[in-house]
Each structure stands twice: as structure tokens, then as C-alpha cells.
$ cat work.pdb   # PDB, C-alpha atoms and all ligand atoms
ATOM      1  CA  MET A   1     -55.024 -15.162 -15.130
ATOM      2  CA  LYS A   2     -57.564 -13.708 -17.547
ATOM      3  CA  ARG A   3     -56.974 -10.480 -19.425
ATOM      4  CA  PRO A   4     -60.593  -9.569 -20.132
ATOM      5  CA  VAL A   5     -61.776  -7.976 -23.355
ATOM      6  CA  LEU A   6     -64.660  -5.578 -22.830
ATOM      7  CA  ALA A   7     -66.338  -4.574 -26.065
ATOM      8  CA  ALA A   8     -69.012  -1.933 -26.682
ATOM      9  CA  ASN A   9     -71.196  -2.455 -29.752
ATOM     10  CA  TRP A  10     -73.083   0.808 -30.211
ATOM     11  CA  LYS A  11     -75.102  -0.615 -33.139
ATOM     12  CA  MET A  12     -76.936   2.250 -34.912
ATOM     13  CA  ASN A  13     -76.389   4.803 -32.134
ATOM     14  CA  ASN A  14     -73.988   7.714 -31.578
ATOM     15  CA  GLY A  15     -73.018   9.669 -34.695
ATOM     16  CA  PRO A  16     -69.742  11.626 -34.732
ATOM     17  CA  THR A  17     -70.928  14.389 -32.388
ATOM     18  CA  ALA A  18     -72.334  11.999 -29.781
ATOM     19  CA  ALA A  19     -69.313   9.714 -30.208
ATOM     20  CA  LYS A  20     -66.906  12.569 -29.424
ATOM     21  CA  ALA A  21     -68.890  13.519 -26.316
ATOM     22  CA  PHE A  22     -69.033   9.855 -25.226
ATOM     23  CA  MET A  23     -65.278   9.355 -25.649
ATOM     24  CA  ASP A  24     -64.447  12.580 -23.786
ATOM     25  CA  THR A  25     -66.568  11.477 -20.814
ATOM     26  CA  PHE A  26     -65.516   7.822 -20.908
ATOM     27  CA  LEU A  27     -61.768   8.414 -21.217
ATOM     28  CA  ALA A  28     -61.837  11.088 -18.505
ATOM     29  CA  GLY A  29     -63.269   8.469 -16.130
ATOM     30  CA  TYR A  30     -61.389   5.393 -17.321
ATOM     31  CA  SER A  31     -57.730   5.360 -16.291
ATOM     32  CA  PRO A  32     -55.327   3.388 -18.513
ATOM     33  CA  ARG A  33     -55.287  -0.282 -17.494
ATOM     34  CA  SER A  34     -52.853  -2.957 -18.559
ATOM     35  CA  ASP A  35     -55.005  -5.804 -17.198
ATOM     36  CA  ARG A  36     -57.764  -5.549 -19.827
ATOM     37  CA  THR A  37     -58.590  -4.399 -23.324
ATOM     38  CA  VAL A  38     -61.531  -2.192 -24.237
ATOM     39  CA  ILE A  39     -62.916  -2.172 -27.779
ATOM     40  CA  ILE A  40     -65.466   0.372 -29.005
ATOM     41  CA  PHE A  41     -67.489  -0.501 -32.125
ATOM     42  CA  PRO A  42     -69.065   2.782 -33.286
ATOM     43  CA  SER A  43     -71.075   3.276 -36.465
ATOM     44  CA  ALA A  44     -68.876   3.570 -39.541
ATOM     45  CA  VAL A  45     -69.406   7.345 -39.714
ATOM     46  CA  ALA A  46     -67.975   7.738 -36.196
ATOM     47  CA  LEU A  47     -64.980   5.415 -36.662
ATOM     48  CA  THR A  48     -62.419   8.162 -37.121
ATOM     49  CA  THR A  49     -63.855  10.185 -34.256
ATOM     50  CA  VAL A  50     -63.476   7.252 -31.847
ATOM     51  CA  ALA A  51     -60.060   6.261 -33.220
ATOM     52  CA  ASN A  52     -58.756   9.825 -32.877
ATOM     53  CA  SER A  53     -60.140  10.170 -29.345
ATOM     54  CA  SER A  54     -58.362   7.010 -28.200
ATOM     55  CA  ALA A  55     -55.217   7.475 -30.321
ATOM     56  CA  ASN A  56     -52.912   7.702 -27.320
ATOM     57  CA  ARG A  57     -54.679   4.968 -25.324
ATOM     58  CA  LYS A  58     -53.193   1.565 -26.185
ATOM     59  CA  ASP A  59     -55.767  -0.123 -23.924
ATOM     60  CA  VAL A  60     -58.721   1.224 -25.927
ATOM     61  CA  LEU A  61     -59.184  -0.104 -29.477
ATOM     62  CA  THR A  62     -61.606   0.933 -32.208
ATOM     63  CA  GLY A  63     -63.634  -1.574 -34.197
ATOM     64  CA  VAL A  64     -65.959  -1.519 -37.199
ATOM     65  CA  GLN A  65     -69.353  -3.242 -36.956
ATOM     66  CA  ASN A  66     -69.364  -4.704 -40.465
ATOM     67  CA  ILE A  67     -67.299  -4.847 -43.654
ATOM     68  CA  HIS A  68     -67.699  -6.102 -47.184
ATOM     69  CA  TRP A  69     -65.310  -8.889 -48.191
ATOM     70  CA  ALA A  70     -64.167  -7.270 -51.424
ATOM     71  CA  GLU A  71     -61.233  -4.895 -51.425
ATOM     72  CA  LYS A  72     -63.119  -2.229 -53.405
ATOM     73  CA  GLY A  73     -65.634  -1.890 -56.216
ATOM     74  CA  ALA A  74     -69.248  -1.301 -57.134
ATOM     75  CA  PHE A  75     -70.898  -2.176 -53.802
ATOM     76  CA  THR A  76     -72.979   0.874 -52.954
ATOM     77  CA  GLY A  77     -73.226   1.499 -49.221
ATOM     78  CA  GLU A  78     -70.497  -0.946 -48.247
ATOM     79  CA  ILE A  79     -67.010  -0.419 -46.824
ATOM     80  CA  SER A  80     -64.000  -2.704 -47.160
ATOM     81  CA  ALA A  81     -61.578  -3.897 -44.497
ATOM     82  CA  THR A  82     -58.818  -1.677 -45.846
ATOM     83  CA  MET A  83     -61.106   1.369 -45.889
ATOM     84  CA  ALA A  84     -62.159   0.681 -42.294
ATOM     85  CA  LYS A  85     -58.508   0.298 -41.316
ATOM     86  CA  ASP A  86     -57.680   3.576 -43.029
ATOM     87  CA  ALA A  87     -60.475   5.233 -41.002
ATOM     88  CA  GLY A  88     -58.949   3.933 -37.754
ATOM     89  CA  ALA A  89     -60.424   0.453 -37.195
ATOM     90  CA  GLU A  90     -58.247  -2.209 -35.583
ATOM     91  CA  VAL A  91     -60.952  -4.827 -35.102
ATOM     92  CA  VAL A  92     -63.859  -6.049 -37.268
ATOM     93  CA  LEU A  93     -67.102  -7.491 -35.953
ATOM     94  CA  VAL A  94     -68.284 -10.348 -38.182
ATOM     95  CA  GLY A  95     -71.580 -12.242 -38.163
ATOM     96  CA  HIS A  96     -73.352 -10.282 -35.468
ATOM     97  CA  SER A  97     -76.812 -11.774 -34.963
ATOM     98  CA  GLU A  98     -78.477  -8.639 -36.362
ATOM     99  CA  ARG A  99     -76.391  -8.991 -39.518
ATOM    100  CA  ARG A 100     -77.369 -12.653 -39.764
ATOM    101  CA  HIS A 101     -81.053 -12.370 -38.842
ATOM    102  CA  VAL A 102     -82.066  -8.862 -39.982
ATOM    103  CA  PHE A 103     -79.850  -8.615 -43.076
ATOM    104  CA  GLY A 104     -79.659 -12.295 -44.011
ATOM    105  CA  GLU A 105     -75.895 -12.672 -43.703
ATOM    106  CA  THR A 106     -74.807 -16.272 -44.257
ATOM    107  CA  ASP A 107     -71.977 -18.381 -42.849
ATOM    108  CA  ALA A 108     -70.320 -18.252 -46.272
ATOM    109  CA  GLN A 109     -70.353 -14.447 -46.241
ATOM    110  CA  CYS A 110     -69.004 -14.419 -42.681
ATOM    111  CA  ALA A 111     -66.141 -16.644 -43.832
ATOM    112  CA  LYS A 112     -65.253 -14.175 -46.599
ATOM    113  CA  LYS A 113     -65.429 -11.252 -44.172
ATOM    114  CA  CYS A 114     -63.161 -12.942 -41.602
ATOM    115  CA  CYS A 115     -60.722 -13.686 -44.386
ATOM    116  CA  ALA A 116     -60.841 -10.093 -45.688
ATOM    117  CA  ALA A 117     -60.275  -8.688 -42.191
ATOM    118  CA  SER A 118     -57.348 -10.992 -41.612
ATOM    119  CA  ARG A 119     -55.829 -10.155 -45.014
ATOM    120  CA  ALA A 120     -56.039  -6.455 -44.129
ATOM    121  CA  GLY A 121     -54.189  -7.081 -40.866
ATOM    122  CA  LEU A 122     -57.226  -6.486 -38.670
ATOM    123  CA  THR A 123     -58.348  -8.583 -35.720
ATOM    124  CA  PHE A 124     -61.771 -10.091 -36.316
ATOM    125  CA  MET A 125     -64.420 -10.896 -33.747
ATOM    126  CA  LEU A 126     -66.731 -13.635 -35.027
ATOM    127  CA  CYS A 127     -70.153 -13.820 -33.357
ATOM    128  CA  VAL A 128     -72.044 -17.087 -32.975
ATOM    129  CA  GLY A 129     -75.321 -17.828 -31.226
ATOM    130  CA  GLU A 130     -78.511 -19.848 -31.345
ATOM    131  CA  THR A 131     -82.129 -18.686 -31.670
ATOM    132  CA  ILE A 132     -84.697 -19.543 -29.013
ATOM    133  CA  GLN A 133     -86.182 -22.224 -31.292
ATOM    134  CA  GLN A 134     -82.774 -23.835 -31.759
ATOM    135  CA  ARG A 135     -82.147 -23.684 -28.029
ATOM    136  CA  GLU A 136     -85.472 -25.307 -27.221
ATOM    137  CA  ALA A 137     -84.776 -28.015 -29.788
ATOM    138  CA  GLY A 138     -81.490 -28.818 -28.035
ATOM    139  CA  GLU A 139     -79.437 -27.617 -31.016
ATOM    140  CA  THR A 140     -77.318 -24.936 -29.348
ATOM    141  CA  GLU A 141     -74.001 -26.808 -29.449
ATOM    142  CA  ARG A 142     -74.468 -27.943 -33.030
ATOM    143  CA  VAL A 143     -75.426 -24.428 -34.184
ATOM    144  CA  VAL A 144     -72.589 -22.541 -32.508
ATOM    145  CA  THR A 145     -69.853 -25.016 -33.435
ATOM    146  CA  HIS A 146     -71.098 -25.046 -37.036
ATOM    147  CA  GLN A 147     -71.062 -21.222 -37.173
ATOM    148  CA  LEU A 148     -67.534 -21.237 -35.744
ATOM    149  CA  ARG A 149     -66.182 -23.826 -38.189
ATOM    150  CA  GLU A 150     -67.832 -22.178 -41.190
ATOM    151  CA  GLY A 151     -66.922 -18.643 -40.120
ATOM    152  CA  VAL A 152     -63.187 -19.293 -40.016
ATOM    153  CA  SER A 153     -63.136 -21.813 -42.860
ATOM    154  CA  GLN A 154     -61.300 -19.451 -45.211
ATOM    155  CA  THR A 155     -58.888 -17.988 -42.684
ATOM    156  CA  GLN A 156     -55.387 -19.403 -42.338
ATOM    157  CA  ASN A 157     -53.329 -19.337 -39.162
ATOM    158  CA  LEU A 158     -55.905 -18.558 -36.507
ATOM    159  CA  ILE A 159     -54.010 -16.928 -33.675
ATOM    160  CA  SER A 160     -55.043 -15.066 -30.591
ATOM    161  CA  ALA A 161     -53.623 -11.776 -31.804
ATOM    162  CA  ASP A 162     -56.032 -11.806 -34.744
ATOM    163  CA  PHE A 163     -59.115 -13.633 -33.596
ATOM    164  CA  ILE A 164     -61.752 -13.151 -30.904
ATOM    165  CA  LEU A 165     -64.859 -15.306 -30.607
ATOM    166  CA  ALA A 166     -68.131 -13.984 -29.183
ATOM    167  CA  TYR A 167     -71.032 -16.137 -28.019
ATOM    168  CA  GLU A 168     -74.243 -14.153 -28.267
ATOM    169  CA  PRO A 169     -77.425 -16.194 -27.851
ATOM    170  CA  VAL A 170     -79.964 -14.494 -30.132
ATOM    171  CA  TRP A 171     -82.725 -14.814 -27.522
ATOM    172  CA  ALA A 172     -80.650 -12.794 -25.025
ATOM    173  CA  ILE A 173     -79.879  -9.822 -27.271
ATOM    174  CA  GLY A 174     -81.773  -6.677 -26.353
ATOM    175  CA  THR A 175     -84.416  -8.692 -24.508
ATOM    176  CA  GLY A 176     -83.288  -8.304 -20.907
ATOM    177  CA  LEU A 177     -82.885 -12.104 -20.801
ATOM    178  CA  THR A 178     -79.321 -13.049 -19.965
ATOM    179  CA  ALA A 179     -77.753 -16.477 -20.111
ATOM    180  CA  SER A 180     -76.801 -17.467 -16.587
ATOM    181  CA  ALA A 181     -73.088 -17.447 -15.858
ATOM    182  CA  GLY A 182     -73.291 -21.259 -15.758
ATOM    183  CA  ASP A 183     -75.040 -21.483 -19.144
ATOM    184  CA  ALA A 184     -72.560 -19.094 -20.754
ATOM    185  CA  SER A 185     -69.674 -21.012 -19.238
ATOM    186  CA  ALA A 186     -71.013 -24.327 -20.543
ATOM    187  CA  ILE A 187     -71.276 -23.073 -24.139
ATOM    188  CA  HIS A 188     -67.892 -21.347 -23.941
ATOM    189  CA  THR A 189     -66.408 -24.666 -22.826
ATOM    190  CA  VAL A 190     -67.914 -26.354 -25.885
ATOM    191  CA  LEU A 191     -66.490 -23.626 -28.122
ATOM    192  CA  ARG A 192     -63.070 -23.887 -26.485
ATOM    193  CA  SER A 193     -62.936 -27.610 -27.073
ATOM    194  CA  GLU A 194     -64.002 -27.129 -30.704
ATOM    195  CA  LEU A 195     -61.207 -24.566 -31.093
ATOM    196  CA  ARG A 196     -58.740 -27.037 -29.553
ATOM    197  CA  GLN A 197     -59.736 -29.631 -32.122
ATOM    198  CA  MET A 198     -59.062 -27.050 -34.814
ATOM    199  CA  ILE A 199     -55.806 -25.435 -33.664
ATOM    200  CA  GLY A 200     -54.558 -27.346 -30.639
ATOM    201  CA  THR A 201     -53.299 -25.542 -27.564
ATOM    202  CA  ARG A 202     -53.244 -22.191 -29.370
ATOM    203  CA  ALA A 203     -57.003 -22.294 -28.759
ATOM    204  CA  ASP A 204     -56.412 -21.460 -25.117
ATOM    205  CA  GLU A 205     -55.198 -17.976 -26.052
ATOM    206  CA  ILE A 206     -58.326 -17.044 -28.037
ATOM    207  CA  PRO A 207     -60.641 -14.820 -25.987
ATOM    208  CA  ILE A 208     -64.268 -16.012 -25.913
ATOM    209  CA  LEU A 209     -66.669 -13.187 -25.055
ATOM    210  CA  TYR A 210     -70.265 -13.413 -23.886
ATOM    211  CA  GLY A 211     -72.928 -10.984 -25.147
ATOM    212  CA  GLY A 212     -76.657 -10.607 -24.540
ATOM    213  CA  SER A 213     -78.312  -8.161 -22.113
ATOM    214  CA  VAL A 214     -75.093  -7.505 -20.207
ATOM    215  CA  SER A 215     -75.555  -4.685 -17.678
ATOM    216  CA  PRO A 216     -73.572  -3.107 -14.849
ATOM    217  CA  SER A 217     -75.391  -5.399 -12.420
ATOM    218  CA  ASN A 218     -74.659  -8.750 -14.107
ATOM    219  CA  ALA A 219     -71.245  -8.016 -15.661
ATOM    220  CA  ALA A 220     -69.108  -9.126 -12.709
ATOM    221  CA  GLY A 221     -70.877 -12.484 -12.335
ATOM    222  CA  LEU A 222     -70.558 -13.271 -16.044
ATOM    223  CA  LEU A 223     -66.933 -12.178 -16.178
ATOM    224  CA  ALA A 224     -66.035 -14.385 -13.218
ATOM    225  CA  ALA A 225     -67.449 -17.503 -14.926
ATOM    226  CA  PRO A 226     -64.963 -20.113 -16.197
ATOM    227  CA  GLU A 227     -64.104 -19.680 -19.905
ATOM    228  CA  VAL A 228     -65.788 -16.254 -20.095
ATOM    229  CA  ASP A 229     -62.910 -14.014 -21.204
ATOM    230  CA  GLY A 230     -64.856 -10.838 -21.758
ATOM    231  CA  LEU A 231     -68.157  -9.214 -22.622
ATOM    232  CA  LEU A 232     -69.735  -7.829 -25.799
ATOM    233  CA  VAL A 233     -72.248  -5.210 -24.745
ATOM    234  CA  GLY A 234     -75.000  -3.527 -26.774
ATOM    235  CA  GLY A 235     -77.631  -1.360 -25.064
ATOM    236  CA  ALA A 236     -75.643  -0.753 -21.865
ATOM    237  CA  SER A 237     -72.632   0.499 -23.853
ATOM    238  CA  VAL A 238     -74.329   3.426 -25.583
ATOM    239  CA  GLU A 239     -74.216   5.764 -22.557
ATOM    240  CA  PRO A 240     -70.832   6.524 -20.973
ATOM    241  CA  SER A 241     -71.929   6.004 -17.351
ATOM    242  CA  SER A 242     -73.164   2.411 -17.690
ATOM    243  CA  TRP A 243     -70.306   1.560 -20.059
ATOM    244  CA  LEU A 244     -67.787   2.961 -17.586
ATOM    245  CA  ALA A 245     -69.268   0.780 -14.843
ATOM    246  CA  ILE A 246     -68.974  -2.328 -17.044
ATOM    247  CA  ALA A 247     -65.471  -1.488 -18.311
ATOM    248  CA  GLN A 248     -64.304  -1.114 -14.725
ATOM    249  CA  THR A 249     -65.912  -4.377 -13.585
TER
HETATM  250  P1  LIG A 301     -77.571  -6.100 -25.779
HETATM  251  O1  LIG A 301     -76.463  -5.917 -24.772
HETATM  252  O2  LIG A 301     -78.341  -4.827 -26.028
HETATM  253  O3  LIG A 301     -78.431  -7.260 -25.432
HETATM  254  O4  LIG A 301     -76.877  -6.433 -27.168
HETATM  255  C1  LIG A 301     -75.923  -7.431 -27.208
HETATM  256  C2  LIG A 301     -75.245  -7.360 -28.504
HETATM  257  O5  LIG A 301     -75.838  -7.635 -29.535
HETATM  258  C3  LIG A 301     -73.851  -6.904 -28.535
HETATM  259  O6  LIG A 301     -73.268  -7.134 -29.769
END
$ encode --input "work.pdb" --output "C-alpha cells"
Amino acid sequence: MKRPVLAANWKMNNGPTAAKAFMDTFLAGYSPRSDRTVIIFPSAVALTTVANSSANRKDVLTGVQNIHWAEKGAFTGEISATMAKDAGAEVVLVGHSERRHVFGETDAQCAKKCCAASRAGLTFMLCVGETIQQREAGETERVVTHQLREGVSQTQNLISADFILAYEPVWAIGTGLTASAGDASAIHTVLRSELRQMIGTRADEIPILYGGSVSPSNAAGLLAAPEVDGLLVGGASVEPSSWLAIAQT
């Protein structure tokens, strides 16, 4: 029986005022559920707002979209895992495709970020995914398994309580193109077997989420697919009504 993880990545949307209004509307409509976990990834400036709004909701977690790997220091504009935790984060998103492709984040940096999150006692959600060129060249499996191996290469003791994997094909993000449930399932199966090679049967407890143009109309089909343990949603998570529909899928 799956216990789905439904994650909202607001990207650069919803400052503190909009975040408060969103959480008031969302939580009023979303009754506590023990059969799934919701994670909201607001912008860093709205972390505390979201964490405070959901403070008495164990089924709704707060995440940070990015961290620096260092504990503290002269890194203007960055925040550390411990600072994010102090502001209310329980989960860290690492290696999102926009971080990799817009900001040039490397596998080596992702590895340091996963390690920093884990050291701070935060769950980390590592994102992997191929570009359209890699897909057309038949390189999807090689790319995503490489990103997985490299991303967790500095993290000891991978366990389900601390680690979530997200498959987000770059060509499906914000484009309206969604991987079919069958395609998502096939790549998730590859990732699961790679995880099994790495950590044995503990791999079966690690949630593998799909992301890329998820909407209220395709969420149920994706969620029902074998090996799809949850959804990581961008555009359709920014407004409470469509997010509520997906969270209740
Ligand atoms: P969209 O749902 O807007 O395609 O974004 C997906 C994503 O990047 C979530 O992290």
C-alpha cells in the first residue's frame, strides 16, 4: 500500500503575504490525512510563514528549495541547511532541473548539498531527469542513474526517513508535456533497481516522485502507476484550488 508524497514546488512565486493567504485557504480545505504526506516548498523568504501555518499539521511539511553546502560563511545570497531548519524547513530540495540548467549546479555540488542536509537532520529530495536531447539519444537511463549515484555519493546511511527521490524529465517541466504514466513507471523502475543495488531492500521504502506538468487532470493516472510514489508539482501548485485538487487525488 503506497503512502503518497505530494509536493508543491512554488519556485519563485508567493512571498510571505501570498504564502499566508495560500496556507489559510489550503489548510481550511484540506482535512488532516494519515494516508499521505504533503510537502510545500516556498521561497526562502516565506519558509517561516509556511512552517508556522502548518505547525500543528503533522501531515503537512515545509521544505526549502535550495541550500548551500557550507554551514555558514561568506556566501552572499545563500542559506545553509541549519539556517533553513531554524526557519522551519524539514525537507531540502536538491538538484532541481532549474538549479542544474539555469544556475549551472553540478552533480558534485548536489552531493555536497545532500550531505549537508543530512548532517543537519533534514530529509533531502534529490531531483534527477534527462533533457530532450538526452532522451532522443536514448540516454535517459544512463543520465538519471548517474545523477542518482553522484548525488548521494557523499551521504552515508540512505534511509527512507531521510531521502526522497524525484524523477523530473527536463522536457516535461513547465511545458505542458507530461511523461505518460507508463513512461514514468518505466524510469521509476530503473531508479528503484539502481537503489536496490546500492542499499538492498531498504530501497523499497524510498519514495520516488514524478514531476513535470502535473495537473489536477493527470495526477490520478500518474499516481496510480507502478513505482510512482508521489508527485512533485510546479505551476499547478502555486494556486490553492488546483493544489488542493492534486493533494486530494
Ligand atoms: P511544472 O509542474 O510547472 O511542470 O514544474 C515541475 C517542477 O519543476 C516541480 O519541481
$ resolve_selection --input "work.pdb" --expression "the PyMOL selection byres (((not hetatm)) within 9 of (chain A and resi 301))" --output "PyMOL selection string"
chain A and resi 7-11+93+96-98+127+166+168-178+210-215+231-237
$ atom_distance --input "work.pdb" --atom1 "atom CA of A:Gly77" --atom2 "atom CA of A:Gly15"
16.7 Å
$ closest_residue --input "work.pdb" --among "A:Gln147, A:Thr25, A:Thr131, A:Gln197" --to "A:Ser54" --atoms "all atoms listed in the file"
A:Thr25
$ residues_near_point --input "work.pdb" --point "(-72.6, 0.7, -15.4)" --cutoff "6 Å" --atoms "only C-alpha atoms" --output "PyMOL selection string"
chain A and resi 216+241-246
$ residues_around --input "work.pdb" --residues "A:Ile39" --least-positions-apart "3" --cutoff "7 Å" --atoms "only C-alpha atoms" --output "list in words"
Leu6, Ala7, Ala8, Val60, Leu61, Thr62 and Gly63 of chain A
$ closest_residue --input "work.pdb" --among "A:Thr201, A:Thr76, A:Ser34, A:Ser153" --to "A:Arg57" --atoms "all atoms listed in the file"
A:Ser34
$ atom_distance --input "work.pdb" --atom1 "atom CA of A:Asn157" --atom2 "atom CA of A:Lys113"
15.4 Å
$ residues_near_point --input "work.pdb" --point "(-71.6, 11.9, -32.7)" --cutoff "12 Å" --atoms "only C-alpha atoms" --output "PDB file with C-alpha atoms, in the coordinates of the input"
ATOM      1  CA  TRP A  10     -73.083   0.808 -30.211  1.00  0.00           C
ATOM      2  CA  MET A  12     -76.936   2.250 -34.912  1.00  0.00           C
ATOM      3  CA  ASN A  13     -76.389   4.803 -32.134  1.00  0.00           C
ATOM      4  CA  ASN A  14     -73.988   7.714 -31.578  1.00  0.00           C
ATOM      5  CA  GLY A  15     -73.018   9.669 -34.695  1.00  0.00           C
ATOM      6  CA  PRO A  16     -69.742  11.626 -34.732  1.00  0.00           C
ATOM      7  CA  THR A  17     -70.928  14.389 -32.388  1.00  0.00           C
ATOM      8  CA  ALA A  18     -72.334  11.999 -29.781  1.00  0.00           C
ATOM      9  CA  ALA A  19     -69.313   9.714 -30.208  1.00  0.00           C
ATOM     10  CA  LYS A  20     -66.906  12.569 -29.424  1.00  0.00           C
ATOM     11  CA  ALA A  21     -68.890  13.519 -26.316  1.00  0.00           C
ATOM     12  CA  PHE A  22     -69.033   9.855 -25.226  1.00  0.00           C
ATOM     13  CA  MET A  23     -65.278   9.355 -25.649  1.00  0.00           C
ATOM     14  CA  ASP A  24     -64.447  12.580 -23.786  1.00  0.00           C
ATOM     15  CA  PRO A  42     -69.065   2.782 -33.286  1.00  0.00           C
ATOM     16  CA  SER A  43     -71.075   3.276 -36.465  1.00  0.00           C
ATOM     17  CA  ALA A  44     -68.876   3.570 -39.541  1.00  0.00           C
ATOM     18  CA  VAL A  45     -69.406   7.345 -39.714  1.00  0.00           C
ATOM     19  CA  ALA A  46     -67.975   7.738 -36.196  1.00  0.00           C
ATOM     20  CA  LEU A  47     -64.980   5.415 -36.662  1.00  0.00           C
ATOM     21  CA  THR A  48     -62.419   8.162 -37.121  1.00  0.00           C
ATOM     22  CA  THR A  49     -63.855  10.185 -34.256  1.00  0.00           C
ATOM     23  CA  VAL A  50     -63.476   7.252 -31.847  1.00  0.00           C
ATOM     24  CA  VAL A 238     -74.329   3.426 -25.583  1.00  0.00           C
TER      25      VAL A 238
END
